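Visitor: So here's model11.txt (compact mmCIF, C-alpha atoms and all ligand atoms).
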# COMPACT_ATOMS: atom_id res chain seq x y z
CA MET A 206 32.21 24.00 -18.46
CA LEU A 207 30.92 21.32 -20.77
CA LEU A 208 30.19 19.12 -17.77
CA TRP A 209 28.33 21.92 -16.05
CA PHE A 210 26.30 22.51 -19.19
CA SER A 211 25.35 18.87 -19.61
CA ALA A 212 24.43 18.62 -15.91
CA VAL A 213 22.10 21.59 -16.29
CA LYS A 214 20.70 20.15 -19.48
CA ASN A 215 20.06 16.77 -17.87
CA ASN A 216 18.34 18.50 -15.01
CA PHE A 217 16.26 20.47 -17.46
CA ASP A 218 15.34 17.31 -19.37
CA LEU A 219 14.27 15.71 -16.10
CA MET A 220 12.06 18.66 -15.26
CA GLU A 221 10.75 18.66 -18.79
CA GLU A 222 9.68 15.06 -18.43
CA GLU A 223 7.29 15.91 -15.61
CA LEU A 224 3.92 16.88 -17.03
CA ILE A 225 2.03 16.77 -13.73
CA LYS A 226 3.02 17.30 -10.14
CA LEU A 227 0.51 17.41 -7.29
CA GLU A 228 1.69 18.44 -3.84
CA GLY A 229 -0.59 17.94 -0.84
CA VAL A 230 -3.75 18.39 -2.89
CA THR A 231 -7.01 18.30 -0.95
CA LYS A 232 -10.59 18.76 -2.14
CA GLU A 233 -13.44 19.48 0.23
CA TYR A 234 -17.12 19.72 -0.64
CA PRO A 235 -19.17 21.54 1.99
CA GLN A 236 -22.55 19.79 2.38
CA GLY A 237 -24.63 21.78 4.85
CA GLU A 238 -23.25 21.07 8.30
CA ILE A 239 -20.58 18.64 7.19
CA ILE A 240 -17.59 18.81 4.87
CA ILE A 241 -16.92 15.90 2.53
CA GLN A 242 -13.19 15.34 2.13
CA ALA A 243 -12.95 13.92 -1.38
CA LEU A 244 -9.15 14.23 -1.53
CA ARG A 245 -6.99 14.22 1.61
CA GLY A 246 -3.49 15.24 0.58
CA VAL A 247 -2.51 13.75 -2.75
CA ASP A 248 1.13 13.84 -3.91
CA LEU A 249 1.64 12.60 -7.43
CA THR A 250 3.98 12.91 -10.38
CA ILE A 251 3.11 11.92 -13.94
CA LYS A 252 5.76 12.00 -16.63
CA LYS A 253 5.18 12.96 -20.23
CA GLY A 254 4.31 9.94 -22.32
CA GLU A 255 3.08 7.77 -19.45
CA PHE A 256 -0.14 5.75 -19.57
CA VAL A 257 -1.42 5.43 -16.00
CA ALA A 258 -4.43 3.60 -14.57
CA VAL A 259 -6.25 5.05 -11.54
CA MET A 260 -8.03 2.43 -9.43
CA GLY A 261 -9.82 2.20 -6.11
CA PRO A 262 -13.25 1.65 -4.54
CA SER A 263 -16.30 3.75 -5.39
CA GLY A 264 -16.20 7.14 -3.68
CA CYS A 265 -12.43 7.12 -3.02
CA GLY A 266 -11.89 10.28 -5.09
CA LYS A 267 -10.87 9.06 -8.56
CA SER A 268 -13.23 11.35 -10.50
CA THR A 269 -12.44 14.25 -8.19
CA LEU A 270 -8.75 13.74 -8.96
CA MET A 271 -9.48 13.68 -12.70
CA HIS A 272 -11.55 16.88 -12.41
CA ILE A 273 -8.66 18.65 -10.71
CA LEU A 274 -6.10 17.33 -13.20
CA GLY A 275 -8.37 18.49 -16.05
CA PHE A 276 -8.94 21.96 -14.54
CA LEU A 277 -12.66 21.30 -14.10
CA ALA A 278 -12.24 21.87 -10.35
CA ARG A 279 -9.71 23.63 -8.16
CA PRO A 280 -7.94 22.04 -5.20
CA THR A 281 -9.07 23.31 -1.80
CA ALA A 282 -5.41 23.28 -0.74
CA GLY A 283 -2.08 22.15 -2.16
CA ARG A 284 -0.34 22.84 -5.44
CA TYR A 285 -0.94 21.59 -8.97
CA ILE A 286 2.03 22.10 -11.27
CA PHE A 287 1.18 21.45 -14.90
CA ALA A 288 3.90 21.58 -17.59
CA GLY A 289 6.22 23.31 -15.14
CA ARG A 290 3.78 26.04 -14.11
CA ASP A 291 1.88 26.30 -10.86
CA SER A 292 -1.75 26.45 -11.93
CA THR A 293 -3.06 27.15 -8.44
CA THR A 294 -3.00 30.90 -8.99
CA TYR A 295 -4.62 30.86 -12.46
CA SER A 296 -7.77 32.93 -12.96
CA ASP A 297 -10.95 31.19 -14.12
CA ASP A 298 -10.31 32.47 -17.66
CA GLU A 299 -6.76 31.11 -17.66
CA LEU A 300 -8.02 27.75 -16.38
CA ALA A 301 -10.60 27.62 -19.19
CA VAL A 302 -7.89 28.26 -21.78
CA VAL A 303 -5.59 25.55 -20.37
CA ARG A 304 -8.51 23.13 -20.10
CA ASN A 305 -9.60 23.65 -23.69
CA SER A 306 -6.17 23.65 -25.28
CA GLN A 307 -4.28 21.08 -23.17
CA ILE A 308 -6.81 18.53 -21.92
CA GLY A 309 -8.81 15.89 -23.77
CA PHE A 310 -11.64 14.29 -21.78
CA ILE A 311 -13.26 10.91 -22.35
CA PHE A 312 -16.18 10.00 -20.05
CA GLN A 313 -17.99 6.76 -19.28
CA ALA A 314 -21.27 8.17 -20.63
CA PHE A 315 -19.67 9.49 -23.88
CA ASN A 316 -21.32 12.94 -23.38
CA LEU A 317 -21.91 13.63 -27.09
CA LEU A 318 -24.42 16.27 -28.17
CA PRO A 319 -27.51 14.33 -29.32
CA ARG A 320 -28.78 16.53 -32.16
CA THR A 321 -25.34 17.13 -33.61
CA SER A 322 -23.66 14.98 -36.25
CA VAL A 323 -20.62 12.81 -35.54
CA LEU A 324 -18.39 15.22 -37.48
CA ASP A 325 -19.73 18.31 -35.69
CA ASN A 326 -19.40 16.64 -32.28
CA VAL A 327 -15.68 16.18 -32.99
CA ILE A 328 -15.32 19.78 -34.20
CA LEU A 329 -17.24 21.21 -31.22
CA PRO A 330 -14.33 21.89 -28.79
CA THR A 331 -12.67 24.13 -31.38
CA ASN A 332 -15.59 26.57 -31.10
CA TYR A 333 -13.85 27.81 -27.96
CA THR A 334 -10.40 27.96 -29.55
CA PRO A 335 -9.49 31.51 -30.55
CA GLY A 336 -8.36 31.80 -34.16
CA ALA A 337 -9.33 28.24 -35.13
CA ASN A 338 -9.60 27.92 -38.90
CA TYR A 339 -12.74 25.97 -39.81
CA GLU A 340 -11.30 24.26 -42.90
CA GLU A 341 -8.17 23.12 -41.02
CA VAL A 342 -10.27 21.92 -38.12
CA ARG A 343 -12.59 20.02 -40.45
CA VAL A 344 -9.65 18.26 -42.13
CA ARG A 345 -8.23 17.30 -38.74
CA ALA A 346 -11.62 16.02 -37.55
CA LEU A 347 -11.90 13.88 -40.68
CA GLN A 348 -8.40 12.47 -40.08
CA LEU A 349 -9.21 11.66 -36.46
CA LEU A 350 -12.48 9.99 -37.42
CA GLU A 351 -10.53 7.92 -39.91
CA THR A 352 -8.09 6.79 -37.21
CA VAL A 353 -11.01 5.63 -35.03
CA ASN A 354 -12.57 3.93 -38.05
CA LEU A 355 -15.73 6.01 -38.37
CA THR A 356 -15.39 7.64 -41.77
CA HIS A 357 -18.61 5.95 -42.88
CA ARG A 358 -20.65 7.54 -40.03
CA LEU A 359 -19.74 11.26 -40.33
CA ASN A 360 -23.31 12.51 -40.77
CA ASN A 361 -25.01 10.18 -38.33
CA TYR A 362 -26.33 11.33 -34.95
CA PRO A 363 -24.99 9.76 -31.74
CA ASN A 364 -28.20 7.77 -31.07
CA GLN A 365 -27.69 6.00 -34.41
CA LEU A 366 -24.35 4.57 -33.23
CA SER A 367 -23.42 1.70 -30.94
CA GLY A 368 -21.84 2.48 -27.55
CA GLY A 369 -18.39 1.55 -28.85
CA GLU A 370 -18.83 3.80 -31.88
CA GLN A 371 -20.02 6.68 -29.70
CA GLN A 372 -16.96 6.29 -27.49
CA ARG A 373 -14.72 6.34 -30.58
CA VAL A 374 -16.36 9.67 -31.54
CA ALA A 375 -15.63 10.91 -28.01
CA VAL A 376 -11.98 9.86 -28.39
CA ALA A 377 -11.71 11.79 -31.68
CA ARG A 378 -13.35 14.80 -30.01
CA ALA A 379 -10.88 14.60 -27.10
CA LEU A 380 -7.99 14.81 -29.58
CA ILE A 381 -9.20 17.64 -31.80
CA ASN A 382 -7.20 20.37 -30.00
CA SER A 383 -4.06 18.18 -29.78
CA PRO A 384 -4.06 18.07 -25.96
CA SER A 385 -0.97 17.37 -23.82
CA LEU A 386 -3.00 15.19 -21.46
CA ILE A 387 -5.84 12.75 -22.13
CA LEU A 388 -8.09 11.99 -19.14
CA ALA A 389 -10.44 9.03 -19.44
CA ASP A 390 -12.88 8.38 -16.55
CA GLU A 391 -14.05 4.76 -16.88
CA PRO A 392 -13.98 5.01 -20.70
CA THR A 393 -15.00 1.38 -21.14
CA GLY A 394 -17.48 1.24 -18.25
CA ASN A 395 -20.47 1.07 -20.61
CA LEU A 396 -18.87 -1.13 -23.27
CA ASP A 397 -18.81 -4.85 -24.01
CA SER A 398 -15.52 -6.72 -24.24
CA LYS A 399 -15.04 -6.23 -27.99
CA ALA A 400 -15.66 -2.47 -27.87
CA THR A 401 -13.48 -2.27 -24.75
CA GLU A 402 -10.61 -3.88 -26.63
CA GLU A 403 -11.06 -1.46 -29.53
CA ILE A 404 -10.93 1.56 -27.22
CA MET A 405 -7.91 0.17 -25.36
CA ASP A 406 -6.11 -0.42 -28.67
CA ILE A 407 -6.78 3.22 -29.63
CA LEU A 408 -5.56 4.49 -26.23
CA THR A 409 -2.36 2.42 -26.42
CA ALA A 410 -1.76 3.68 -29.97
CA LEU A 411 -2.11 7.23 -28.64
CA GLN A 412 0.55 6.50 -26.03
CA ARG A 413 2.88 5.13 -28.71
CA GLN A 414 2.48 8.47 -30.52
CA GLY A 415 3.82 10.20 -27.39
CA ASN A 416 0.59 11.16 -25.62
CA THR A 417 0.20 11.15 -21.83
CA LEU A 418 -2.91 9.33 -20.60
CA LEU A 419 -4.68 8.74 -17.28
CA MET A 420 -7.52 6.25 -17.16
CA VAL A 421 -9.85 5.50 -14.27
CA THR A 422 -11.02 1.90 -14.31
CA HIS A 423 -12.56 -0.72 -12.04
CA GLU A 424 -11.23 -3.53 -14.26
CA LYS A 425 -7.95 -4.89 -12.94
CA TYR A 426 -7.05 -6.54 -16.26
CA LEU A 427 -7.10 -3.18 -18.06
CA SER A 428 -4.01 -2.17 -16.07
CA ASN A 429 -2.15 -4.62 -18.33
CA TYR A 430 -2.38 -1.93 -21.00
CA THR A 431 -0.86 0.75 -18.77
CA ASP A 432 2.64 1.50 -17.42
CA ARG A 433 1.54 1.67 -13.79
CA VAL A 434 -1.43 1.87 -11.44
CA ILE A 435 -2.24 4.66 -9.02
CA GLN A 436 -4.20 2.95 -6.26
CA MET A 437 -6.51 5.23 -4.26
CA GLN A 438 -8.37 4.79 -1.00
CA ASP A 439 -10.33 7.29 1.12
CA GLY A 440 -9.13 10.33 -0.81
CA GLN A 441 -5.49 9.34 -0.77
CA VAL A 442 -3.04 7.67 -3.12
CA VAL A 443 -1.95 4.50 -1.33
CA SER A 444 0.43 3.25 -4.01
CA SER A 445 1.63 4.49 -7.37
N1 LIG B 501 -19.80 17.88 -6.40
C1 LIG B 501 -19.76 17.18 -5.26
N2 LIG B 501 -20.39 17.63 -4.17
C2 LIG B 501 -20.34 16.93 -3.01
N3 LIG B 501 -19.67 15.78 -2.85
C3 LIG B 501 -19.03 15.29 -3.92
C4 LIG B 501 -19.04 15.95 -5.17
N4 LIG B 501 -18.31 15.21 -6.04
C5 LIG B 501 -17.87 14.15 -5.36
N5 LIG B 501 -18.28 14.18 -4.08
C6 LIG B 501 -17.99 13.20 -3.02
O1 LIG B 501 -16.58 13.04 -2.97
C7 LIG B 501 -16.23 11.68 -2.78
C8 LIG B 501 -15.36 11.21 -3.94
O2 LIG B 501 -16.18 11.15 -5.12
P1 LIG B 501 -15.64 10.71 -6.54
O3 LIG B 501 -16.71 10.98 -7.52
O4 LIG B 501 -14.33 11.38 -6.77
O5 LIG B 501 -15.40 9.15 -6.33
P2 LIG B 501 -14.97 8.02 -7.38
O6 LIG B 501 -13.74 7.37 -6.83
O7 LIG B 501 -14.87 8.61 -8.74
O8 LIG B 501 -16.16 6.98 -7.29
P3 LIG B 501 -16.84 6.04 -8.44
O9 LIG B 501 -15.92 4.86 -8.62
O10 LIG B 501 -18.15 5.65 -7.85
O11 LIG B 501 -16.99 6.87 -9.69
C9 LIG B 501 -17.53 10.93 -2.64
O12 LIG B 501 -17.81 10.82 -1.26
C10 LIG B 501 -18.54 11.82 -3.31
O13 LIG B 501 -19.83 11.65 -2.76
MG MG B 502 -15.94 8.32 -10.51
Could you rewrite the structure in this file as structure tokens?

Guide:
Amino acid sequence: MLLWFSAVKNNFDLMEEELIKLEGVTKEYPQGEIIIQALRGVDLTIKKGEFVAVMGPSGCGKSTLMHILGFLARPTAGRYIFAGRDSTTYSDDELAVVRNSQIGFIFQAFNLLPRTSVLDNVILPTNYTPGANYEEVRVRALQLLETVNLTHRLNNYPNQLSGGEQQRVAVARALINSPSLILADEPTGNLDSKATEEIMDILTALQRQGNTLLMVTHEKYLSNYTDRVIQMQDGQVVSS
């Protein structure tokens, strides 16, 4: 009996560990007469707490994969199981809720709102969170900005900050809703080596706190910071 119970529990723990499972995921973009096959059958498993690099030549489908993982796009075919639930059948509203509450995005181009202060940029995603308490959110934003070392720039606008500082704001913004998954698409692509190192130190600290991270990069040496590399080519994962 006890053995049976522990076997079930182990099995459950194993399932629990899987945050992401993709099965035969394809993504097609119709372009007039032709169909662009951005993803051609991707199978992938990501465990909770992993830090994974996604690499491969331009146009091989890295950003498309990130968009699907972040619920910004739907697969054309295949299944996407997130936190044990098949998301393929979610309505658009359900997808928006999962996206806002579970996913933190960091982009190469920072994507901050220009006429909005640093503090308000970090708070912004909570505008779409039902029942968010402004005071609690503000305190959390201040804590996050402290962890990325920007407490002295709260009331500045993005164009008054360096690229590295803007990306640190974007990291704080990505964390405001305490996501289960952080997706970074070439987060250091616009940064010099010092700012790159700062962002990588923040991302590795996030992994140590138990976060799950995927990062697209063209820089081979950045995979030294990650647990493993998903190598893509022509819309497929060729090694992982
Ligand atoms: N919205 C879209 N409409 C049509 N085609 C698209 C769209 N998004 C991506 N594609 C095409 O899908 C393929 C994969 O694009 P994707 O952006 O995923 O590549 P990538 O690996 O991120 O490249 P890069 O390293 O240059 O960012 C490319 O051929 C691209 O032109
Ligand atoms: Mg891309």

Visitor: Which is closest to Leu329 in chain A among A:Asn382, A:Gln313, A:Asn395, A:Asn416, if we use only C-alpha atoms?

Guide: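 Selected residue with least distance to Leu329 in chain A: A:Asn382.
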
Visitor: Quick one: everything within 8 Å of Pro330 in chain A, counting all atoms listed in the file, minus sequence neighbours fewer than 3 positions away in the same chain. Send it as a PDB file with C-alpha atoms, in the coordinates of the input.

Guide:
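And here is the file that came out, result-v4.pdb:
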ATOM      1  CA  ASN A 305      -9.600  23.650 -23.690  1.00  0.00           C
ATOM      2  CA  VAL A 327     -15.680  16.180 -32.990  1.00  0.00           C
ATOM      3  CA  TYR A 333     -13.850  27.810 -27.960  1.00  0.00           C
ATOM      4  CA  THR A 334     -10.400  27.960 -29.550  1.00  0.00           C
ATOM      5  CA  ARG A 378     -13.350  14.800 -30.010  1.00  0.00           C
ATOM      6  CA  ILE A 381      -9.200  17.640 -31.800  1.00  0.00           C
ATOM      7  CA  ASN A 382      -7.200  20.370 -30.000  1.00  0.00           C
TER       8      ASN A 382
END

Visitor: Residues within 8 Å of ligand MG 502 (chain B) (all atoms listed in the file), as a list of chain:residue names?

Guide: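 Counting all atoms listed in the file, the residues within 8 Å of ligand MG 502 (chain B) come out as A:Ser263, A:Gly264, A:Gly266, A:Lys267, A:Ser268, A:Thr269, A:Asp390, A:Glu391, A:Val421.
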
Visitor: Between A:Gln438, A:Thr321, A:Ser428, A:Ser445, which is the closest to ligand LIG 501 (chain B) once you count all atoms listed in the file?

Guide: A:Gln438

Visitor: Provide the CA of Leu388 in chain A to CA of Ile311 in chain A distance in Å, to one decimal place.

Guide: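 Computed distance, CA of Leu388 in chain A to CA of Ile311 in chain A, equals 6.2 Å.
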
Visitor: Would you list the residues near (1.2, 0.7, -16.0), meaning any protein, DNA or RNA residue with an atom at most 9 Å from that point in file coordinates, counting only C-alpha atoms, as a list in words?

Guide: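 Here is the list of nearby residues: Glu255, Phe256, Val257, Ala258, Ser428, Asn429, Tyr430, Thr431, Asp432, Arg433, Val434 and Ile435 of chain A.
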
Visitor: I'd like to know which of A:Met260, A:Met405, A:Leu249, A:Leu227 is closest to Glu424 in chain A, using all atoms listed in the file.

Guide: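 Between A:Met260, A:Met405, A:Leu249, A:Leu227, the residue approaching Glu424 in chain A most closely is A:Met260.
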
Visitor: With only C-alpha atoms and all ligand atoms as the atoms that count, which of A:Arg373, A:Arg279, A:Arg304, A:Lys226 lies nearest to ligand LIG 501 (chain B)?

Guide: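 For ligand LIG 501 (chain B), the nearest of the given residues is A:Arg279.
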
Visitor: As an exercise, work out the distance from CA of Pro280 in chain A to CA of Asp439 in chain A in Å and give it to one decimal place.

Guide: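 So the two atoms, CA of Pro280 in chain A and CA of Asp439 in chain A, lie 16.2 Å apart.
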
Visitor: As a list in words, please: the residues near Arg245 in chain A (cut-off 6 Å, all atoms listed in the file, same-chain neighbours under 6 positions excluded).

Guide: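 The filter keeps Thr231, Gly440 and Gln441 of chain A.
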
Visitor: To one decimal in Å, tell me the separation between CA of Gly369 in chain A and CA of Phe315 in chain A.

Guide: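 CA of Phe315 in chain A lies 9.5 Å from CA of Gly369 in chain A.
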
Visitor: Give as a list in words every residue, naming chains and numbers as the document does, that has an atom within 8 Å of (-21.7, 9.3, -28.1), counting only C-alpha atoms.

Guide: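 Residues with an atom close enough to that point: Ala314, Phe315, Asn316, Leu317, Leu318, Pro319, Pro363, Asn364, Leu366, Gly368, Glu370, Gln371, Gln372, Arg373, Val374 and Ala375 of chain A.
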
Visitor: Using all atoms listed in the file, which protein or nucleic acid residues come within 9 Å of Lys252 in chain A? Drop anything in the same chain fewer than 4 positions from it, and give the result as a ChimeraX atom specification.

Guide: /A:221-226,417

Visitor: From the list A:Ala377, A:Leu359, A:Leu411, A:Ala389, which residue is nearest ligand LIG 501 (chain B) when using all atoms listed in the file?

Guide: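 Under the stated criterion, the closest residue is A:Ala389.
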